[in-house]
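Quick notes on the structure that follows.
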Amino acid sequence: MSINIGLSEKERQGVVDILNNVLADAYLLLIKTKKYHWDVIGPQFRTLHQLWEEHYEALTISIDAIAERVRMLNGYPLGTAAAFIKHASIKEHSGDLPSAQEMVQRLVVDHEQVIRNVRGYIEQTSEEFKDEGTADFLTGLMQEHEEMAWMLRSFLDGEAFESSGKRDKELVSKGSKR
Ligand SMILES: [Fe+2]
């Protein structure tokens with residue numbers, strides 16, 4: 001059955017294509033997050049192993065929501081590994097075993113790339129394709145990636161402070177003034 005929700009065919013297809021690009025990146029990020037959940041070693045093992053399990057679960061839920069939004073717009077979500085790789089903007093790192101810090105760094109880079117992409121898609125979806133529903137959906141999705149990026153970025157900042165000892169002194173002096 002055809003769809004009649006106030007979007008032209010061009011607008012609807014434009015939004016479906018955007019959502020499929022977002023879906024492809026989310027899938028690659030899902031795979032990378034799970035792989036690092038498995039591979040990570042070091043003093044932060046338990047923290048990172050658990051954090052990535054939580055991120056994996058959150059990404060699984062958002063992937064389903066993206067794909068189902070494609071169907072709501074009468075499109076079909078990508079669904080093969082080859083298609084995800086073809087449409088994704090983030091890159092895979094095949095066959096290496098990076099340090100925990102490098103894993104976190106790579107995931108920050110990927111989440112930030114997704115955030116930048118989605119920020120542009122929100123504007124395009126709203127202004128060019130006049131689909132406020134998808135713009136709102138993408139805004140929520142961007143916020144989820146912002147939260148995941150913040151958690152990972154904080155880990156890297158903490159590592160840097162820990163090695164310099166600067167953070168401890170700052171916290172002590174601030175704490176004593178309260
Ligand atoms: Fe697990």
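Ligands are numbered from 1 in the order shown, chains are lettered A, B, ... in the order of the structure tokens, and residues start at 1 in each chain.
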Any residue with an atom at most 9 Å from ligand 1 counts, using only C-alpha atoms and all ligand atoms. Which are they? Put them as a tab-separated table (two decimals) with C-alpha atoms, in the first residue's frame.
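Saved file selection.tsv follows:
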```
chain	number	residue	atom	x	y	z
A	34	LYS	CA	31.54	-5.67	21.17
A	37	HIS	CA	34.41	-5.66	25.14
A	38	TRP	CA	35.94	-9.05	24.33
A	49	HIS	CA	34.33	-4.53	29.76
A	50	GLN	CA	31.13	-3.51	31.56
A	52	TRP	CA	31.09	-1.56	26.51
A	53	GLU	CA	28.46	-4.14	27.35
```
Practice item. Could you check how far CA of Leu29 in chain A sits from CA of Leu59 in chain A, in Å to one decimal? Key: 8.1 Å
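Proximity of A:Asn117, A:Ser154, A:Gln44, A:Thr33 to Ser99 in chain A, computed with only C-alpha atoms, is greatest for A:Gln44.
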Ile66 in chain A: which residues within 7 Å, counting only C-alpha atoms, same-chain residues fewer than 3 positions away excluded, as a PDB file with N, CA and C atoms, in the first residue's frame?
```pdb
ATOM      1  N   LEU A  19      18.568   7.755   7.006  1.00  0.00           N
ATOM      2  CA  LEU A  19      18.426   6.799   8.111  1.00  0.00           C
ATOM      3  C   LEU A  19      19.247   5.534   7.848  1.00  0.00           C
ATOM      4  N   LEU A  23      22.102   4.020  10.137  1.00  0.00           N
ATOM      5  CA  LEU A  23      22.015   2.608  10.548  1.00  0.00           C
ATOM      6  C   LEU A  23      23.345   1.886  10.292  1.00  0.00           C
ATOM      7  N   SER A  62      18.981   1.212  19.788  1.00  0.00           N
ATOM      8  CA  SER A  62      18.819   2.323  18.843  1.00  0.00           C
ATOM      9  C   SER A  62      18.863   1.850  17.400  1.00  0.00           C
ATOM     10  N   ILE A  63      19.636   0.804  17.128  1.00  0.00           N
ATOM     11  CA  ILE A  63      19.663   0.237  15.768  1.00  0.00           C
ATOM     12  C   ILE A  63      18.276  -0.253  15.369  1.00  0.00           C
ATOM     13  N   ARG A  69      12.123   2.879  12.010  1.00  0.00           N
ATOM     14  CA  ARG A  69      11.699   4.197  11.483  1.00  0.00           C
ATOM     15  C   ARG A  69      11.773   4.182   9.947  1.00  0.00           C
ATOM     16  N   VAL A  70      12.750   3.498   9.386  1.00  0.00           N
ATOM     17  CA  VAL A  70      12.812   3.343   7.923  1.00  0.00           C
ATOM     18  C   VAL A  70      11.524   2.684   7.417  1.00  0.00           C
TER      19      VAL A  70
END
```
